[in-house]
Amino acid sequence: MVNGAPQSELLRWIPLLPLAGALIHGVLLALVRRESPRSFVIAVSCGAPILAFAVTVAALVQLIGLPHDQRLLVDEVYTWVGAGRIAAEMAFLFDPLSAVMCLIVTGVGSLIHVYSIGYMDDDHRDDGGFQRFFCYLNLFTCSMLLLVLGDNLLVMFLGWEGVGLCSYLLIGFWYGDRWNAYCGMKAFVVNRIGDFGFLVGIFLLLWSLADTGPTLDFRALETAIGGIAQRTVDVPAWLPGGPHWHLTTLIGLCLFLGACGKSAQLPLYVWLPDAMAGPTPVSALIHAATMVTAGVYMVCRMSFLYAAAPGASAAIAWVGGLTALFAATIAIAQTDIKKVLAYSTVSQLGYMFLAAGCGAYSAAIFHVGTHAFFKALLFLGSGAVILAMHHEQDTDKMGGLARRLPRTHAVFLVGVLATSGFPPLSGFFSKDEILLSAYAAHGIPGHRTLWAIGVGTAALTAFYMFRLHFRTFAGECRAPDEVKQHIHEPAATVLGPLYVLAALAAFAGLAGLPQVYGDWLGIPDSNSLANFLQPVVGGSESEVGASTELRLAGLAILGAGAGALAAAWLYVWSPALPGRIAAGAGALYRLVREKYYVDEFYDAVFVRPLVAISDRLLFRGVDAALIDGVAVNGSARAVQGLAAHGLKYLHSGLTQGYLVTMVAGALAIVAWLLR
Amino acid sequence: MTAPQVLFYGFGALAVVSALSMILNVRNTVAAAMSLVVTMISLGVIYLLLDAFLVAALQIMVYAGAIVVVFLFVVMLLNLRRDAFPPERQLATKAFGVALALGVLGAFLRRMPGVLPTARDLPADFGGYRAVGRALFLEYPLAFEVTSLLLLAAIVGAVVLAKRRLD
Amino acid sequence: MIPLEHVIGLSAILFAIGTIGAVTRRNLIVMLMSIELMLNAANLAFVGFSRAWAGDAGQIFVLMVIVVAAAEVAVGLGIVIALFRNRESVNVEDVSLLKW
């Protein structure tokens with residue numbers, strides 16, 4: 001425990017309020033077995049995150065009141081684990097980084113909770129679907145808040161696992177359809193692989209600090225990391241970096257494996273597109289705004305580790321960049337509205353890791369925030385479209401909705417512009433900061449290539465986003481007639497959050513305005529977000545001159561504009577052209593549309609052999625035949641045989657035989673006693 | 001050798017001989033019972049030689065005078081004469097039992113000299129009814145009461161077992 | 001003064017004889033009598049030790065043993081009579097139904 005930080009009893013209420021909501025619903029559903037009235041459910045479940053947001057703001061006010069480099073609030077609730085020298089407190093840490101994350105989680109979370117009232121109202125079944133949904137949502141919010149508020153790696157891991165569980169529960173929410181349940185399982189299992197890496201990272205940390213005092217407390221780790229920064233471990237020589245790695249690199253990579261699972265990077269991204277089987281608010285909250293950003297948060301929280309592990313940072317940057325490109329290429333050929341957004345999320349998460357790998361942690365967090373706004377906006381907007389189209393998700397059957405859903409069209413356009421990175425919306429500023437950090441990251445080998453990948457991906461992003469927009473809203477409506485007649489704008493509870501998110505997506509860029517533009521407008525220290533986060537993650541040295549920065553920004557805008565124009569050409573002005581291109585490209589087009597057959601590859605290489613081993617070898621061979629047959633039944637048969645064919649003959653029925661046995665036994669006991 | 005010692009060896013030998021006679025007497029059960037009486041009485045005399053006067057008296061009265069009489073009653077009641085039994089079974093087991101008993105006896109007798117403590121001086125009233133009675137009722141009343149319960153159980157059991165069914 | 005070893009030796013011999021009788025003889029009544037002999041041998045040992053240690057606990061125990069022997073004989077002979085009524089025999093090998 002590192003002392004000297006001011007205590008604040010407020011912090012524990014931030015995760016506790018949603019937990020209370022979840023528990024109330026859970027207990028009621030389990031005991032009463034009948035759904036509570038909807039107004040009650042709404043009051044409890046939406047009230048909780050809104051209240052948590054209010055508490056977060058109050059804690060933020062307290063935080064800002066502290067001097068700039070001492071902004072730290074701690075709430076130590078109780079000692080959770082005390083085992084020998086390892087002690088982990090159930091304690092919460094509120095510094096600028098966790099403040100930003102908390103605001104995003106509670107703020108965007110509250111908006112999505114309100115949206116869900118209208119969206120899930122459709123679910124008029126009496127099986128507690130409505131209440132169950134909000135119970136899980138509250139539980140998720142609590143877990144996510146534990147993750148970001150945790151004072152040590154164990155509490156963070158508790159939240160980490162909790163969000164994984166809630167993701168499973170919510171993806172497979174409509175579990176009557178087995179496909180949904182399968183998608184939930186896939187998400188959970190792939191996450192588990194990442195969690196294994198996370199755990200190994202934790203173990204390595206404890207092991208490496210065993211001499212000086214093992215701890216998982218973030219503040220204590222920050223001071224202790226210097227002591228192990230020079231240690232090396234032996235690795236197989238064929239791995240890049242030679243036969244010796246820094247211990248910090250190994251730990252960083254193990255923890256990053258967890259982030260790959262949770263934040264859907266290569267090679268563990270495969271669960272996110274299938275997670276779209278869940279209700280759209282779930283996709284918005286969990287798979288766009290909050291859970292998938294947990295990996296980014298973890299890397300930023302452990303920035304002191306990654307600063308001392310250049311190999312791991314380089315790996316993170318490259319994985320992020322490649323994932324961004326890879327996912328963008330898949331997105332350009334998808335027809336399901338939510339799948340496009342899912343791959344877009346994977347791609348944008350790649351950008352965040354690119355920034356984190358290049359050391360620009362505040363840029364990564366900035367993009368987390370702006371992405372939360374515009375991606376949630378896009379998902380919720382697509383939810384409104386899906387509702388209007390009677391649960392139709394295929395854009396092949398959409399089109400021409402601009403006239404029929406004008407308000408939805410407007411907010412969706414804001415989201416598309418923000419994602420593509422057009423100024424002055426928020427996406428432009430955050431993406432630009434990331435590209436700048438890649439351009440200037442001299443510590444990363446091949447960083448200029450990474451920058452080029454980033455720019456190319458930005459162009460692709462603009463292309464597929466506008467493609468999605470035009471296919472959904474422009475042109476003629478390709479829906480069947482009975483659907484066309486019932487298209488109408490969604491309810492106020494659905495549109496309200498959309499308006500709020502649109503405003504945030506548009507104007508949030510001002511929070512992280514780079515100094516270049518601040519100088520134009522005469523605002524000193526305009527990058528408030530970077531300044532705010534600076535005591536936690538450090539500043540990123542921008543060695544790039546102002547003119548270079550503006551030139552790079554101009555290049556990015558050009559790329560985005562080119563992508564948008566290409567989309568307009570293909571989908572508005574020459575609608576027949578995409579079909580001809582697809583026919584001409586043939587195999588290449590099929591490869592991209594089928595997501596490079598990655599799922600099939602994993603299935604053939606990992607899943608089937610594993611299932612075969614489990615079933616034939618381990619279950620039938622070891623468990624049924626060996627353990628059940630030989631050990632359990634076999635030992636029973638042996639004893640039975642021994643008794644039935646041997647021991648029973650001792651019962652001769654003749655008294656004098658028994659008497660001799662008794663005498664012999666008594667003599668034996670006496671002899672042993674007198675030995 | 002003093003008189004008590006002579007008497008002890010004499011009556012000891014008598015006890016052994018009549019015990020042997022009891023178990024070796026296959027034809028006449030009543031004779032076996034009589035041999036048992038002789039053994040009891042010899043033991044009673046030996047108790048006297050060992051200054052256990054009350055116990056000696058009780059041995060004669062209860063053991064020789066009541067228990068063996070009950071045996072005789074039963075023998076008469078069942079009207080047993082000869083042991084006309086079918087051939088013996090489990091010979092090997094019995095031979096082993098006999099060998100075991102004899103072997104242990106031999107080992108015991110060989111190892112015994114020198115391991116037992118020497119006798120102490122006796123108080124004046126040792127073994128008399130007054131001393132034993134006082135010890136019984138003052139120091140071991142619980143045992144006394146429990147044996148009365150035991151006797152009650154035995155009485156009830158014997159009556160239940162032996163009574164004729166009135167079917 | 002009777003040496004204690006001889007008393008205990010006599011007790012052992014009588015006990016062995018009683019054991020042999022119980023194991024060898026098939027007549028139930030003779031078996032019971034052999035058991036009585038064994039109890040007597042034990043009594044003799046008790047009295048001998050009581051004499052050697054000048055304590056009367058041994059003789060008290062002898063009284064207990066005599067009581068137990070009496071009770072046992074009563075019940076045992078009751079069993080013999082009941083058996084005889086059923087099987088017309090006091091051969092211990094005739095009562096061997098409780099076997100495998």
# chains A, B, ... in the order shown; residues from 1 in each chain; ligands from 1
call {"tool": "interface_residues", "arguments": {"of": "chain C", "to": "chain B", "cutoff": "8 Å", "atoms": "only C-alpha atoms", "output": "JSON, numbers by chain"}}
result
{"C": [1, 2, 4, 5, 9, 10, 12, 13, 14, 16, 17, 18, 19, 20, 21, 23, 24, 25, 27, 29, 30, 33, 34, 37, 40, 44, 47, 48, 51, 52, 53, 54, 56, 57, 59, 60, 62, 63, 64, 66, 67, 68, 70, 71, 72, 73, 74, 75, 76, 77, 78, 79, 81, 82, 84, 91, 93]}
call {"tool": "interface_residues", "arguments": {"of": "chain A", "to": "chain C", "cutoff": "6 Å", "atoms": "only C-alpha atoms", "output": "list in words"}}
result
His651, Ser652, Gly653, Leu654 and Gln656 of chain A
call {"tool": "write_last_selection", "arguments": {"atoms": "N, CA and C atoms", "output": "PDB file, in the first residue's frame"}}
result
ATOM      1  N   HIS A 651     -16.015 -67.461   6.597  1.00  0.00           N
ATOM      2  CA  HIS A 651     -17.244 -67.641   7.373  1.00  0.00           C
ATOM      3  C   HIS A 651     -17.699 -69.087   7.248  1.00  0.00           C
ATOM      4  N   SER A 652     -17.003 -69.967   7.933  1.00  0.00           N
ATOM      5  CA  SER A 652     -17.344 -71.372   7.799  1.00  0.00           C
ATOM      6  C   SER A 652     -18.571 -71.750   8.604  1.00  0.00           C
ATOM      7  N   GLY A 653     -18.946 -70.905   9.562  1.00  0.00           N
ATOM      8  CA  GLY A 653     -20.104 -71.258  10.380  1.00  0.00           C
ATOM      9  C   GLY A 653     -19.741 -72.135  11.562  1.00  0.00           C
ATOM     10  N   LEU A 654     -18.497 -72.581  11.635  1.00  0.00           N
ATOM     11  CA  LEU A 654     -18.112 -73.500  12.706  1.00  0.00           C
ATOM     12  C   LEU A 654     -17.467 -72.704  13.821  1.00  0.00           C
ATOM     13  N   GLN A 656     -15.716 -73.361  16.434  1.00  0.00           N
ATOM     14  CA  GLN A 656     -14.370 -73.546  16.955  1.00  0.00           C
ATOM     15  C   GLN A 656     -13.317 -72.938  16.050  1.00  0.00           C
TER      16      GLN A 656
END
call {"tool": "interface_residues", "arguments": {"of": "chain A", "to": "chain B", "cutoff": "8 Å", "atoms": "only C-alpha atoms", "output": "PyMOL selection string"}}
result
chain A and resi 656-657+660+663-664
call {"tool": "residues_around", "arguments": {"residues": "segment 247-264 of chain A", "least_positions_apart": "5", "cutoff": "6 Å", "atoms": "only C-alpha atoms", "output": "compact mmCIF listing (two decimals) with N, CA and C atoms, in the first residue's frame"}}
result
# COMPACT_ATOMS: atom_id res chain seq x y z
N ASN A 191 -11.81 -14.97 -25.55
CA ASN A 191 -11.36 -14.10 -24.48
C ASN A 191 -10.50 -14.84 -23.49
N GLY A 194 -6.93 -15.03 -24.32
CA GLY A 194 -6.25 -13.81 -23.93
C GLY A 194 -6.03 -13.73 -22.43
N ASP A 195 -7.05 -14.13 -21.69
CA ASP A 195 -6.93 -14.04 -20.23
C ASP A 195 -5.79 -14.90 -19.72
N GLY A 197 -2.96 -15.26 -21.18
CA GLY A 197 -1.78 -14.41 -21.28
C GLY A 197 -1.72 -13.39 -20.16
N PHE A 198 -2.88 -12.82 -19.85
CA PHE A 198 -2.94 -11.82 -18.79
C PHE A 198 -2.49 -12.43 -17.47
N GLY A 201 1.15 -12.97 -17.35
CA GLY A 201 1.80 -11.70 -17.09
C GLY A 201 1.80 -11.34 -15.61
N ARG A 231 16.65 -6.79 -16.00
CA ARG A 231 16.74 -8.24 -16.02
C ARG A 231 16.35 -8.80 -17.37
N THR A 232 17.01 -9.88 -17.75
CA THR A 232 16.71 -10.51 -19.03
C THR A 232 16.31 -11.96 -18.79
N VAL A 233 15.60 -12.50 -19.77
CA VAL A 233 15.26 -13.92 -19.73
C VAL A 233 15.73 -14.55 -21.02
N TYR A 269 -9.29 -11.60 -32.85
CA TYR A 269 -10.40 -10.68 -33.09
C TYR A 269 -11.67 -11.40 -33.51
N VAL A 292 -14.30 -3.38 -25.17
CA VAL A 292 -13.16 -3.61 -26.05
C VAL A 292 -12.07 -2.58 -25.83
N GLY A 295 -8.57 -3.25 -23.10
CA GLY A 295 -7.19 -3.56 -23.40
C GLY A 295 -6.35 -2.30 -23.54
N ALA A 309 9.86 -1.31 -21.92
CA ALA A 309 9.88 -2.53 -22.73
C ALA A 309 9.71 -2.15 -24.19
N GLY A 311 10.65 -3.45 -26.96
CA GLY A 311 10.26 -4.52 -27.86
C GLY A 311 8.76 -4.75 -27.83
N ALA A 312 8.20 -4.78 -26.62
CA ALA A 312 6.76 -5.00 -26.52
C ALA A 312 5.99 -3.85 -27.13
call {"tool": "residues_around", "arguments": {"residues": "Leu39 of chain C", "least_positions_apart": "3", "cutoff": "8 Å", "atoms": "only C-alpha atoms", "output": "MDAnalysis selection string"}}
result
chainID C and resid 15 35:36 42:43 65 69
call {"tool": "select_by_dssp", "arguments": {"residues": "segment 345-527 of chain A", "states": "alpha helix (DSSP H)", "output": "ChimeraX atom specification"}}
result
/A:345-357,361-388,401-404,406-420,426-440,447-473,481-484,492-507,515-521
call {"tool": "closest_residue", "arguments": {"among": "A:Ala327, A:Val598, A:Ala308, A:Val41", "to": "Val346 of chain A", "atoms": "only C-alpha atoms"}}
result
A:Ala327
